[in-house]
$ cat run29.txt   # compact mmCIF, C-alpha atoms
# COMPACT_ATOMS: atom_id res chain seq x y z
CA MET Q 3 -12.85 -28.25 -38.46
CA GLN Q 4 -16.27 -26.67 -38.30
CA ASP Q 5 -16.27 -24.27 -41.26
CA LEU Q 6 -18.31 -24.58 -44.44
CA VAL Q 7 -16.98 -25.79 -47.77
CA GLN Q 8 -16.95 -22.93 -50.24
CA THR Q 9 -19.67 -23.36 -52.86
CA PRO Q 10 -17.97 -23.65 -56.27
CA ILE Q 11 -17.91 -20.47 -58.34
CA SER Q 12 -18.12 -21.56 -61.97
CA PRO Q 13 -18.89 -18.45 -63.98
CA GLY Q 14 -19.77 -18.26 -67.62
CA ASN Q 15 -21.18 -20.58 -70.26
CA SER Q 16 -19.12 -23.73 -70.83
CA TRP Q 17 -18.83 -25.18 -74.33
CA TYR Q 18 -18.17 -28.54 -72.74
CA GLU Q 19 -21.61 -28.59 -71.16
CA ALA Q 20 -23.23 -27.31 -74.34
CA SER Q 21 -21.59 -30.08 -76.38
CA VAL Q 22 -22.81 -33.08 -74.35
CA ASP Q 23 -26.22 -34.60 -73.93
CA GLU Q 24 -28.07 -33.77 -70.73
CA ARG Q 25 -25.87 -34.58 -67.76
CA PRO Q 26 -27.16 -37.44 -65.62
CA GLN Q 27 -28.53 -36.32 -62.28
CA TYR Q 28 -27.73 -38.10 -59.04
CA PRO Q 29 -29.66 -37.96 -55.76
CA THR Q 30 -28.94 -35.81 -52.73
CA LEU Q 31 -27.85 -37.68 -49.61
CA MET Q 32 -30.77 -38.01 -47.22
CA GLY Q 33 -30.46 -39.47 -43.73
CA ASP Q 34 -27.55 -41.18 -42.00
CA ARG Q 35 -25.15 -43.65 -43.59
CA ARG Q 36 -22.32 -45.90 -42.45
CA CYS Q 37 -19.56 -47.02 -44.86
CA ASP Q 38 -15.96 -48.18 -45.05
CA VAL Q 39 -14.72 -45.08 -46.94
CA ALA Q 40 -16.31 -41.66 -47.37
CA ILE Q 41 -15.18 -39.29 -50.13
CA ILE Q 42 -15.91 -35.57 -50.16
CA GLY Q 43 -15.62 -34.14 -53.67
CA GLY Q 44 -16.89 -35.50 -56.98
CA GLY Q 45 -14.20 -34.40 -59.41
CA PHE Q 46 -11.60 -36.63 -61.03
CA THR Q 47 -9.77 -37.44 -57.79
CA GLY Q 48 -12.84 -38.35 -55.77
CA LEU Q 49 -14.67 -40.29 -58.48
CA SER Q 50 -11.52 -42.16 -59.48
CA CYS Q 51 -10.93 -43.19 -55.87
CA ALA Q 52 -14.56 -44.30 -55.50
CA TYR Q 53 -14.42 -46.19 -58.80
CA HIS Q 54 -11.37 -48.23 -57.81
CA LEU Q 55 -12.60 -48.84 -54.27
CA ALA Q 56 -15.96 -50.07 -55.53
CA LYS Q 57 -14.20 -52.36 -58.02
CA SER Q 58 -12.40 -53.89 -55.03
CA GLY Q 59 -15.63 -54.46 -53.15
CA VAL Q 60 -15.20 -51.62 -50.66
CA ASP Q 61 -18.36 -49.95 -49.34
CA VAL Q 62 -17.86 -46.33 -50.40
CA VAL Q 63 -20.05 -43.22 -50.21
CA LEU Q 64 -19.15 -40.07 -52.18
CA ILE Q 65 -20.74 -36.64 -51.86
CA GLU Q 66 -20.40 -33.63 -54.18
CA ALA Q 67 -21.47 -30.13 -53.13
CA CYS Q 68 -22.85 -29.16 -56.54
CA ARG Q 69 -23.32 -31.30 -59.64
CA PHE Q 70 -20.67 -33.60 -61.05
CA GLY Q 71 -18.77 -31.48 -63.57
CA ASP Q 72 -19.44 -28.06 -62.03
CA GLY Q 73 -15.88 -27.81 -60.70
CA ALA Q 74 -12.50 -27.89 -62.42
CA SER Q 75 -12.74 -31.50 -63.59
CA GLY Q 76 -15.61 -30.63 -65.92
CA ARG Q 77 -14.38 -27.19 -67.02
CA ASN Q 78 -10.58 -27.43 -67.46
CA GLY Q 79 -8.29 -27.13 -70.48
CA GLY Q 80 -8.37 -30.87 -71.18
CA GLN Q 81 -4.61 -31.29 -71.68
CA LEU Q 82 -2.86 -34.34 -70.23
CA GLY Q 83 0.77 -33.24 -70.46
CA THR Q 84 3.75 -35.45 -69.67
CA GLY Q 85 5.64 -35.92 -66.42
CA GLN Q 86 4.98 -33.85 -63.32
CA ARG Q 87 4.25 -30.13 -63.23
CA ALA Q 88 7.85 -29.51 -62.15
CA GLY Q 89 10.42 -30.51 -64.77
CA VAL Q 90 12.75 -33.47 -64.39
CA LEU Q 91 15.91 -31.37 -63.99
CA GLU Q 92 14.29 -29.36 -61.20
CA LEU Q 93 13.10 -32.55 -59.49
CA GLU Q 94 16.52 -34.16 -59.82
CA LYS Q 95 18.12 -31.23 -58.00
CA GLN Q 96 15.66 -31.56 -55.13
CA TYR Q 97 15.14 -35.32 -54.90
CA GLY Q 98 17.83 -37.02 -57.00
CA PHE Q 99 17.48 -38.99 -60.21
CA GLU Q 100 15.97 -42.16 -58.74
CA ARG Q 101 13.03 -40.40 -57.13
CA SER Q 102 12.58 -38.06 -60.08
CA LYS Q 103 12.40 -41.09 -62.39
CA ALA Q 104 9.83 -42.74 -60.11
CA LEU Q 105 7.70 -39.58 -60.23
CA TRP Q 106 8.02 -39.58 -64.01
CA ASP Q 107 6.85 -43.20 -64.10
CA ILE Q 108 3.80 -42.29 -62.01
CA ALA Q 109 2.85 -39.72 -64.64
CA GLU Q 110 3.26 -42.25 -67.45
CA ASP Q 111 1.12 -44.73 -65.49
CA ALA Q 112 -1.44 -41.94 -65.10
CA LYS Q 113 -1.79 -41.64 -68.88
CA ARG Q 114 -2.42 -45.36 -69.26
CA ASN Q 115 -4.84 -45.35 -66.34
CA MET Q 116 -7.17 -42.87 -68.06
CA HIS Q 117 -7.46 -45.04 -71.15
CA GLU Q 118 -7.87 -48.23 -69.13
CA VAL Q 119 -10.72 -46.81 -67.06
CA ALA Q 120 -12.50 -45.45 -70.14
CA GLU Q 121 -12.18 -48.84 -71.85
CA GLU Q 122 -13.48 -50.64 -68.76
CA GLY Q 123 -16.34 -48.17 -68.41
CA GLY Q 124 -17.18 -48.19 -72.11
CA PHE Q 125 -17.16 -44.43 -72.63
CA GLU Q 126 -15.59 -42.05 -75.16
CA PHE Q 127 -13.77 -38.84 -74.23
CA ASP Q 128 -12.55 -37.40 -77.56
CA TYR Q 129 -8.88 -38.21 -77.06
CA SER Q 130 -6.57 -36.54 -79.59
CA VAL Q 131 -2.79 -37.03 -79.80
CA GLY Q 132 -0.09 -34.39 -79.50
CA GLN Q 133 1.01 -31.38 -77.47
CA LEU Q 134 3.15 -28.38 -78.39
CA THR Q 135 5.05 -26.24 -75.88
CA PRO Q 136 6.29 -23.15 -77.75
CA MET Q 137 8.79 -20.73 -76.24
CA HIS Q 138 7.66 -17.11 -75.99
CA LYS Q 139 11.27 -16.01 -75.29
CA LYS Q 140 14.21 -17.20 -77.36
CA HIS Q 141 16.56 -17.56 -74.40
CA TYR Q 142 14.29 -20.31 -72.99
CA GLU Q 143 15.52 -22.60 -75.78
CA ALA Q 144 18.59 -23.89 -73.92
CA ASP Q 145 16.61 -24.99 -70.87
CA GLU Q 146 13.93 -26.66 -72.97
CA ARG Q 147 16.48 -28.51 -75.08
CA ALA Q 148 18.19 -29.72 -71.88
CA HIS Q 149 14.84 -31.03 -70.63
CA ILE Q 150 14.18 -32.83 -73.93
CA ASN Q 151 17.64 -34.40 -73.92
CA ALA Q 152 17.22 -35.56 -70.32
CA VAL Q 153 13.91 -37.36 -70.89
CA ASN Q 154 15.15 -38.92 -74.11
CA GLU Q 155 18.48 -40.11 -72.72
CA ARG Q 156 17.72 -40.96 -69.09
CA TYR Q 157 13.95 -41.32 -68.73
CA ASN Q 158 13.36 -43.73 -71.62
CA TYR Q 159 10.83 -41.39 -73.19
CA HIS Q 160 11.06 -40.86 -76.93
CA GLY Q 161 7.90 -38.95 -77.76
CA LEU Q 162 9.44 -35.51 -77.16
CA GLY Q 163 11.42 -33.52 -79.72
CA TRP Q 164 12.45 -29.98 -80.65
CA LEU Q 165 10.91 -27.83 -83.38
CA ASP Q 166 12.68 -24.74 -84.69
CA LYS Q 167 10.86 -21.43 -85.16
CA ASP Q 168 9.61 -22.17 -88.68
CA GLU Q 169 8.53 -25.71 -87.80
CA MET Q 170 6.66 -24.46 -84.75
CA ALA Q 171 5.00 -21.71 -86.79
CA ALA Q 172 3.73 -24.31 -89.27
CA LYS Q 173 2.35 -26.46 -86.46
CA LEU Q 174 0.66 -23.53 -84.74
CA GLY Q 175 -0.46 -21.50 -87.72
CA SER Q 176 1.20 -18.54 -85.99
CA SER Q 177 4.67 -16.96 -85.98
CA HIS Q 178 4.16 -15.53 -82.48
CA TYR Q 179 6.63 -17.94 -80.85
CA PHE Q 180 10.18 -19.16 -81.24
CA GLY Q 181 10.87 -22.90 -81.35
CA GLY Q 182 9.64 -25.35 -78.76
CA ALA Q 183 8.79 -28.90 -77.84
CA TRP Q 184 6.55 -31.33 -79.70
CA ASP Q 185 5.26 -34.18 -77.54
CA LYS Q 186 3.78 -37.07 -79.50
CA GLY Q 187 3.31 -39.23 -76.40
CA THR Q 188 0.42 -37.33 -74.85
CA GLY Q 189 -2.77 -35.60 -75.91
CA HIS Q 190 -5.97 -33.81 -74.95
CA ILE Q 191 -9.55 -34.76 -74.10
CA HIS Q 192 -13.10 -33.54 -73.55
CA PRO Q 193 -12.92 -33.44 -69.74
CA LEU Q 194 -16.65 -33.31 -69.06
CA LYS Q 195 -17.26 -36.37 -71.24
CA TYR Q 196 -14.62 -38.19 -69.22
CA LEU Q 197 -16.14 -37.12 -65.92
CA ILE Q 198 -19.67 -38.11 -66.96
CA GLY Q 199 -18.42 -41.53 -68.06
CA LEU Q 200 -16.41 -41.98 -64.88
CA ALA Q 201 -19.40 -41.12 -62.67
CA LYS Q 202 -21.60 -43.64 -64.50
CA ALA Q 203 -18.94 -46.35 -64.22
CA THR Q 204 -18.42 -45.57 -60.54
CA GLN Q 205 -22.09 -45.97 -59.73
CA LYS Q 206 -22.32 -49.11 -61.88
CA ASN Q 207 -19.52 -50.67 -59.83
CA GLY Q 208 -21.55 -50.20 -56.67
CA ALA Q 209 -20.38 -46.92 -55.15
CA LYS Q 210 -23.08 -44.74 -53.60
CA ILE Q 211 -22.62 -41.31 -55.15
CA PHE Q 212 -24.58 -38.18 -54.29
CA GLU Q 213 -24.53 -34.65 -55.68
CA GLN Q 214 -25.84 -31.34 -54.34
CA THR Q 215 -24.71 -32.59 -50.93
CA ARG Q 216 -22.29 -30.25 -49.19
CA ALA Q 217 -20.11 -31.29 -46.27
CA THR Q 218 -20.55 -28.75 -43.48
CA SER Q 219 -18.16 -30.30 -40.98
CA ILE Q 220 -15.86 -33.26 -40.56
CA LYS Q 221 -14.58 -34.72 -37.30
CA SER Q 222 -11.86 -37.33 -37.02
CA GLN Q 223 -12.02 -39.41 -33.82
CA SER Q 224 -12.25 -43.20 -33.61
CA LYS Q 225 -14.37 -42.89 -36.79
CA ILE Q 226 -14.70 -40.14 -39.39
CA HIS Q 227 -17.96 -38.25 -38.92
CA ILE Q 228 -19.24 -35.99 -41.73
CA GLU Q 229 -22.22 -33.70 -41.46
CA THR Q 230 -24.29 -32.39 -44.39
CA PRO Q 231 -27.48 -30.31 -44.40
CA SER Q 232 -29.57 -33.43 -45.01
CA GLY Q 233 -27.74 -36.26 -43.28
CA THR Q 234 -24.52 -37.67 -41.89
CA ILE Q 235 -21.86 -40.17 -42.92
CA THR Q 236 -19.79 -42.27 -40.52
CA ALA Q 237 -16.78 -43.99 -42.05
CA ASP Q 238 -13.58 -45.76 -41.12
CA LYS Q 239 -11.57 -43.71 -43.61
CA CYS Q 240 -12.11 -40.58 -45.65
CA LEU Q 241 -10.67 -38.73 -48.64
CA LEU Q 242 -10.99 -34.96 -49.04
CA ALA Q 243 -10.87 -34.46 -52.82
CA LEU Q 244 -11.86 -30.80 -53.06
CA ASN Q 245 -8.87 -29.19 -54.83
CA GLY Q 246 -9.84 -25.53 -55.41
CA TYR Q 247 -13.07 -25.79 -53.43
CA HIS Q 248 -11.90 -26.87 -49.98
CA GLY Q 249 -12.61 -23.57 -48.23
CA ASP Q 250 -11.51 -24.08 -44.62
CA LEU Q 251 -13.06 -27.51 -44.12
CA GLU Q 252 -9.63 -28.85 -43.15
CA LYS Q 253 -6.95 -26.45 -41.91
CA ASN Q 254 -3.83 -28.23 -43.21
CA THR Q 255 -5.22 -28.37 -46.73
CA ALA Q 256 -6.22 -24.71 -46.54
CA ARG Q 257 -2.65 -23.72 -45.64
CA ASN Q 258 -1.07 -25.66 -48.49
CA VAL Q 259 -3.55 -25.57 -51.36
CA MET Q 260 -4.55 -22.23 -52.88
CA PRO Q 261 -7.51 -21.79 -55.27
CA ILE Q 262 -7.12 -19.55 -58.29
CA GLN Q 263 -9.56 -18.93 -61.12
CA SER Q 264 -8.75 -19.86 -64.69
CA PHE Q 265 -10.78 -18.97 -67.78
CA ILE Q 266 -11.41 -20.38 -71.27
CA GLY Q 267 -13.19 -19.14 -74.37
CA ALA Q 268 -14.53 -21.13 -77.33
CA THR Q 269 -14.75 -19.57 -80.79
CA ALA Q 270 -17.22 -20.34 -83.51
CA PRO Q 271 -15.97 -23.26 -85.66
CA LEU Q 272 -12.92 -22.37 -87.74
CA PRO Q 273 -12.99 -22.86 -91.53
CA LEU Q 274 -12.04 -26.32 -92.72
CA ASP Q 275 -8.99 -24.88 -94.51
CA SER Q 276 -7.79 -22.89 -91.46
CA ALA Q 277 -4.02 -22.89 -90.93
CA ILE Q 278 -4.51 -22.92 -87.14
CA LEU Q 279 -3.28 -26.15 -85.53
CA PRO Q 280 -3.54 -28.31 -88.67
CA GLY Q 281 -2.24 -31.34 -86.74
CA ASN Q 282 -4.81 -30.85 -83.94
CA GLU Q 283 -2.22 -30.76 -81.15
CA ALA Q 284 -2.90 -29.06 -77.83
CA VAL Q 285 -0.69 -26.11 -76.86
CA ASP Q 286 0.68 -24.87 -73.55
CA ASP Q 287 3.27 -22.14 -73.85
CA SER Q 288 6.33 -21.22 -71.78
CA ARG Q 289 4.77 -18.39 -69.79
CA PHE Q 290 4.55 -18.71 -66.03
CA VAL Q 291 0.92 -17.61 -66.38
CA VAL Q 292 0.49 -20.13 -69.14
CA ARG Q 293 -1.61 -19.71 -72.26
CA TYR Q 294 -3.15 -22.98 -73.36
CA PHE Q 295 -5.28 -23.74 -76.37
CA ARG Q 296 -6.43 -26.46 -78.73
CA LYS Q 297 -9.15 -27.25 -81.25
CA SER Q 298 -12.33 -29.05 -80.33
CA LYS Q 299 -13.75 -31.97 -82.27
CA ASP Q 300 -15.94 -29.51 -84.21
CA SER Q 301 -12.95 -27.23 -84.99
CA ARG Q 302 -13.52 -24.46 -82.45
CA LEU Q 303 -10.45 -22.89 -80.88
CA LEU Q 304 -10.64 -23.41 -77.13
CA PHE Q 305 -8.33 -20.75 -75.67
CA GLY Q 306 -7.38 -20.39 -72.02
CA GLY Q 307 -4.94 -18.12 -70.30
CA ARG Q 308 -6.46 -15.40 -68.20
CA GLU Q 309 -6.20 -16.10 -64.46
CA ALA Q 310 -7.56 -14.41 -61.34
CA TYR Q 311 -6.07 -14.84 -57.89
CA SER Q 312 -9.27 -14.50 -55.92
CA THR Q 313 -12.66 -16.18 -56.06
CA GLY Q 314 -14.60 -12.94 -56.55
CA ASP Q 315 -16.36 -11.57 -59.60
CA ALA Q 316 -14.92 -13.01 -62.82
CA GLY Q 317 -15.59 -9.80 -64.76
CA ASN Q 318 -15.73 -9.86 -68.56
CA ILE Q 319 -14.30 -13.28 -69.36
CA GLU Q 320 -14.67 -12.93 -73.13
CA ALA Q 321 -12.74 -9.65 -73.35
CA GLY Q 322 -9.77 -10.97 -71.39
CA ILE Q 323 -9.59 -14.16 -73.46
CA ARG Q 324 -9.92 -12.32 -76.78
CA LYS Q 325 -7.08 -9.94 -75.92
CA GLN Q 326 -4.66 -12.81 -75.33
CA MET Q 327 -5.93 -14.90 -78.24
CA ILE Q 328 -5.41 -12.22 -80.90
CA GLU Q 329 -1.81 -11.64 -79.79
CA ILE Q 330 -1.18 -15.14 -81.15
CA TYR Q 331 -3.85 -15.24 -83.87
CA PRO Q 332 -4.52 -11.66 -85.09
CA THR Q 333 -6.81 -12.93 -87.85
CA LEU Q 334 -9.30 -14.01 -85.18
CA LYS Q 335 -9.88 -10.48 -83.88
CA ASP Q 336 -13.47 -10.44 -85.15
CA ILE Q 337 -14.39 -14.11 -84.66
CA GLU Q 338 -17.36 -14.82 -82.44
CA ILE Q 339 -16.57 -16.23 -79.02
CA THR Q 340 -19.61 -18.40 -78.48
CA HIS Q 341 -18.79 -19.59 -74.97
CA ALA Q 342 -16.63 -18.17 -72.17
CA TRP Q 343 -16.28 -19.76 -68.77
CA GLY Q 344 -14.04 -20.34 -65.79
CA GLY Q 345 -13.72 -21.93 -62.39
CA SER Q 346 -11.35 -22.57 -59.54
CA VAL Q 347 -8.27 -24.72 -59.94
CA ALA Q 348 -5.61 -25.02 -57.24
CA ILE Q 349 -1.87 -24.63 -56.84
CA THR Q 350 0.76 -25.30 -54.21
CA MET Q 351 3.93 -23.36 -53.51
CA GLN Q 352 6.06 -26.04 -55.20
CA ARG Q 353 3.60 -26.63 -58.10
CA MET Q 354 3.40 -30.28 -57.09
CA PRO Q 355 0.34 -32.04 -55.66
CA TYR Q 356 -0.48 -31.93 -51.97
CA VAL Q 357 -1.26 -35.52 -50.91
CA ARG Q 358 -1.30 -36.12 -47.17
CA GLU Q 359 -2.84 -38.11 -44.36
CA VAL Q 360 -3.80 -34.99 -42.43
CA GLU Q 361 -5.28 -36.94 -39.50
CA PRO Q 362 -5.45 -40.70 -38.85
CA GLY Q 363 -7.59 -42.21 -41.58
CA LEU Q 364 -8.26 -38.80 -43.17
CA TRP Q 365 -6.47 -38.09 -46.45
CA SER Q 366 -6.46 -34.94 -48.55
CA ALA Q 367 -5.38 -34.54 -52.18
CA GLY Q 368 -5.27 -31.46 -54.43
CA GLY Q 369 -3.14 -28.61 -55.70
CA TYR Q 370 -2.32 -30.19 -59.07
CA SER Q 371 -1.17 -26.78 -60.32
CA GLY Q 372 -2.43 -26.99 -63.88
CA HIS Q 373 -1.32 -30.59 -64.40
CA GLY Q 374 -4.32 -32.32 -62.95
CA VAL Q 375 -6.24 -34.04 -65.74
CA MET Q 376 -4.27 -37.28 -65.61
CA LEU Q 377 -2.62 -36.85 -62.19
CA SER Q 378 -5.86 -36.25 -60.30
CA ASN Q 379 -7.40 -39.40 -61.75
CA TYR Q 380 -4.33 -41.46 -60.91
CA THR Q 381 -3.94 -39.97 -57.44
CA GLY Q 382 -7.50 -41.05 -56.72
CA ARG Q 383 -6.58 -44.56 -57.79
CA LEU Q 384 -3.44 -44.58 -55.63
CA ILE Q 385 -5.39 -43.47 -52.57
CA ALA Q 386 -7.89 -46.26 -53.22
CA GLU Q 387 -4.98 -48.70 -53.33
CA LYS Q 388 -3.64 -47.23 -50.10
CA PHE Q 389 -6.99 -47.79 -48.40
CA CYS Q 390 -6.80 -51.40 -49.63
CA GLY Q 391 -3.24 -51.85 -48.33
CA ASP Q 392 -0.88 -50.94 -51.23
CA SER Q 393 0.99 -47.66 -50.76
CA ALA Q 394 4.26 -47.83 -52.74
CA GLN Q 395 3.54 -45.18 -55.38
CA LEU Q 396 1.35 -43.06 -53.11
CA ASP Q 397 4.27 -42.72 -50.70
CA LEU Q 398 6.23 -40.93 -53.44
CA LEU Q 399 3.51 -38.29 -53.63
CA SER Q 400 2.81 -38.01 -49.91
CA GLU Q 401 6.52 -37.47 -49.20
CA LEU Q 402 6.85 -34.51 -51.58
CA LYS Q 403 8.11 -31.38 -49.84
CA ILE Q 404 5.15 -29.00 -49.96
CA THR Q 405 5.41 -25.82 -47.89
CA PRO Q 406 2.42 -23.76 -46.73
CA PHE Q 407 1.63 -20.45 -48.35
CA PRO Q 408 3.02 -17.64 -46.18
CA GLY Q 409 0.91 -15.12 -44.35
CA GLY Q 410 -1.76 -17.27 -42.75
CA LYS Q 411 -5.42 -17.13 -43.68
CA ALA Q 412 -5.62 -13.33 -43.79
CA MET Q 413 -2.56 -12.67 -45.98
CA ARG Q 414 -2.11 -15.72 -48.20
CA SER Q 415 -4.36 -14.42 -51.02
CA PRO Q 416 -2.84 -10.88 -51.11
CA LEU Q 417 0.69 -12.31 -51.07
CA LEU Q 418 -0.16 -14.78 -53.82
CA PHE Q 419 -1.69 -11.99 -55.89
CA ALA Q 420 1.49 -9.93 -55.53
CA ALA Q 421 3.75 -12.85 -56.44
CA LEU Q 422 1.77 -13.97 -59.48
CA THR Q 423 1.30 -10.40 -60.69
CA TRP Q 424 5.10 -10.14 -60.65
CA TYR Q 425 5.46 -13.36 -62.67
CA SER Q 426 2.85 -12.12 -65.13
CA LEU Q 427 4.93 -8.94 -65.57
CA VAL Q 428 8.08 -11.02 -66.12
CA ASP Q 429 6.22 -12.97 -68.84
CA ARG Q 430 5.68 -9.72 -70.73
CA LEU Q 431 9.23 -8.36 -70.43
$ encode --input "run29.txt" --output "structure tokens"
Amino acid sequence: MQDLVQTPISPGNSWYEASVDERPQYPTLMGDRRCDVAIIGGGFTGLSCAYHLAKSGVDVVLIEACRFGDGASGRNGGQLGTGQRAGVLELEKQYGFERSKALWDIAEDAKRNMHEVAEEGGFEFDYSVGQLTPMHKKHYEADERAHINAVNERYNYHGLGWLDKDEMAAKLGSSHYFGGAWDKGTGHIHPLKYLIGLAKATQKNGAKIFEQTRATSIKSQSKIHIETPSGTITADKCLLALNGYHGDLEKNTARNVMPIQSFIGATAPLPLDSAILPGNEAVDDSRFVVRYFRKSKDSRLLFGGREAYSTGDAGNIEAGIRKQMIEIYPTLKDIEITHAWGGSVAITMQRMPYVREVEPGLWSAGGYSGHGVMLSNYTGRLIAEKFCGDSAQLDLLSELKITPFPGGKAMRSPLLFAALTWYSLVDRL
């Protein structure tokens, strides 16, 4: 495990960063340190784990290759969602009802966890209630209704209902879609505000956190030994919380977690009387290559959807976002897009998180597959609990059946590109 961690590629100009006060800066690790737990990666997973460990009195050191917020946790779509990325009926077929229900309960706990941590840390994160999932093909209605019925009848969840085409059009301010789901039990956030607050609370609780400190190698022997350009860390246990930025630091993670780039644009503020999203819900549609959008606190439309299956040049982010946005909202064809940005997120073959003890004392977590805002935070907490001796819920995640991407290092990206290009074509048919 001697390779370098890939430096995050975060192209474009993020509205999130423009809308917050100056981000706090944290020191670079200098010299050699010894701790109980080392964490590599300062996104939601890593900071959440460090926060809960420090609360429990554990000596924890966390390093981040860039600045806190430069990766997906500070640049994502901000939508919490409900349940796991895979639907309950799909999970029931694979794991049975009992385990599917337990995974559902983890996701519900994850929602509560975010609010609890923010309340404990005394920070705001612009939480707004509601999420719409419109169907872009009419024949998807039967499957979506079956999902809604299942969670209402057997999962004790009553925030999810069906809207017909006209009702959905009124909620969206667009007739582009057929009916779909309305989830009143979830919402959306300003992710960078949450991450900034979490980092402050983590440090306040006693964790030693460092940014602009890249791990260059990690060795697992009797202790975990981590090298950086400016120092070393020796720890009893370690969490790799790198998601889309793991490079080849750890080979098992590299085989199972694939980075892809996702992009978002922010418009100029919409008029106060705009018909677009009058209820301020977030939206994620039924496409495999999902389009997701919502309004910011200052009434901008934040629209995401374009993806790229390599970490190369992002190209013209604004043009790709505008093309998708005006398919849904033609009246916005001439609106100014003031900010356009992207970054690497990560997926697994099964679209469920990869959470594993890859070597004794060395855990890895990532691959949240577009469902990571709440699940990454809660996974970090569960790993902290595991390090402190409680593993019941974490076992449910670590036992998920995640298969490696085919083709090995040389072919996994081309094969993924081919597969996702096919799904993108299916979305348009």
$ residues_around --input "run29.txt" --residues "region 380-390 of chain Q" --least-positions-apart "4" --cutoff "6 Å" --atoms "only C-alpha atoms" --output "CSV table (one decimal) with C-alpha atoms, in the coordinates of the input"
chain,number,residue,atom,x,y,z
Q,47,THR,CA,-9.8,-37.4,-57.8
Q,50,SER,CA,-11.5,-42.2,-59.5
Q,51,CYS,CA,-10.9,-43.2,-55.9
Q,55,LEU,CA,-12.6,-48.8,-54.3
Q,112,ALA,CA,-1.4,-41.9,-65.1
Q,396,LEU,CA,1.4,-43.1,-53.1
$ residues_near_point --input "run29.txt" --point "(12.6, -27.3, -71.6)" --cutoff "10 Å" --atoms "all atoms listed in the file" --output "list in words"
Gly89, Val90, Leu91, Thr135, Pro136, Met137, Tyr142, Glu143, Ala144, Asp145, Glu146, Arg147, Ala148, His149, Ile150, Asn151, Ala152, Trp164, Gly182, Ala183 and Ser288 of chain Q
$ atom_distance --input "run29.txt" --atom1 "CA of Gly44 (chain Q)" --atom2 "CA of Gln214 (chain Q)"
10.2 Å
$ closest_atom_pairs --input "run29.txt" --of "region 92-173 of chain Q" --to "region 354-366 of chain Q" --cutoff "12 Å" --atoms "all atoms listed in the file" --output "tab-separated table"
residue	atom	partner	partner_atom	distance
Q:Glu92	CA	Q:Met354	CA	11.7
Q:Leu93	CA	Q:Met354	CA	10.2
Q:Leu105	CA	Q:Met354	CA	10.7
$ closest_residue --input "run29.txt" --among "Q:Ile228, Q:Ile330, Q:Asp168, Q:Glu66" --to "Gly33 (chain Q)" --atoms "all atoms listed in the file"
Q:Ile228
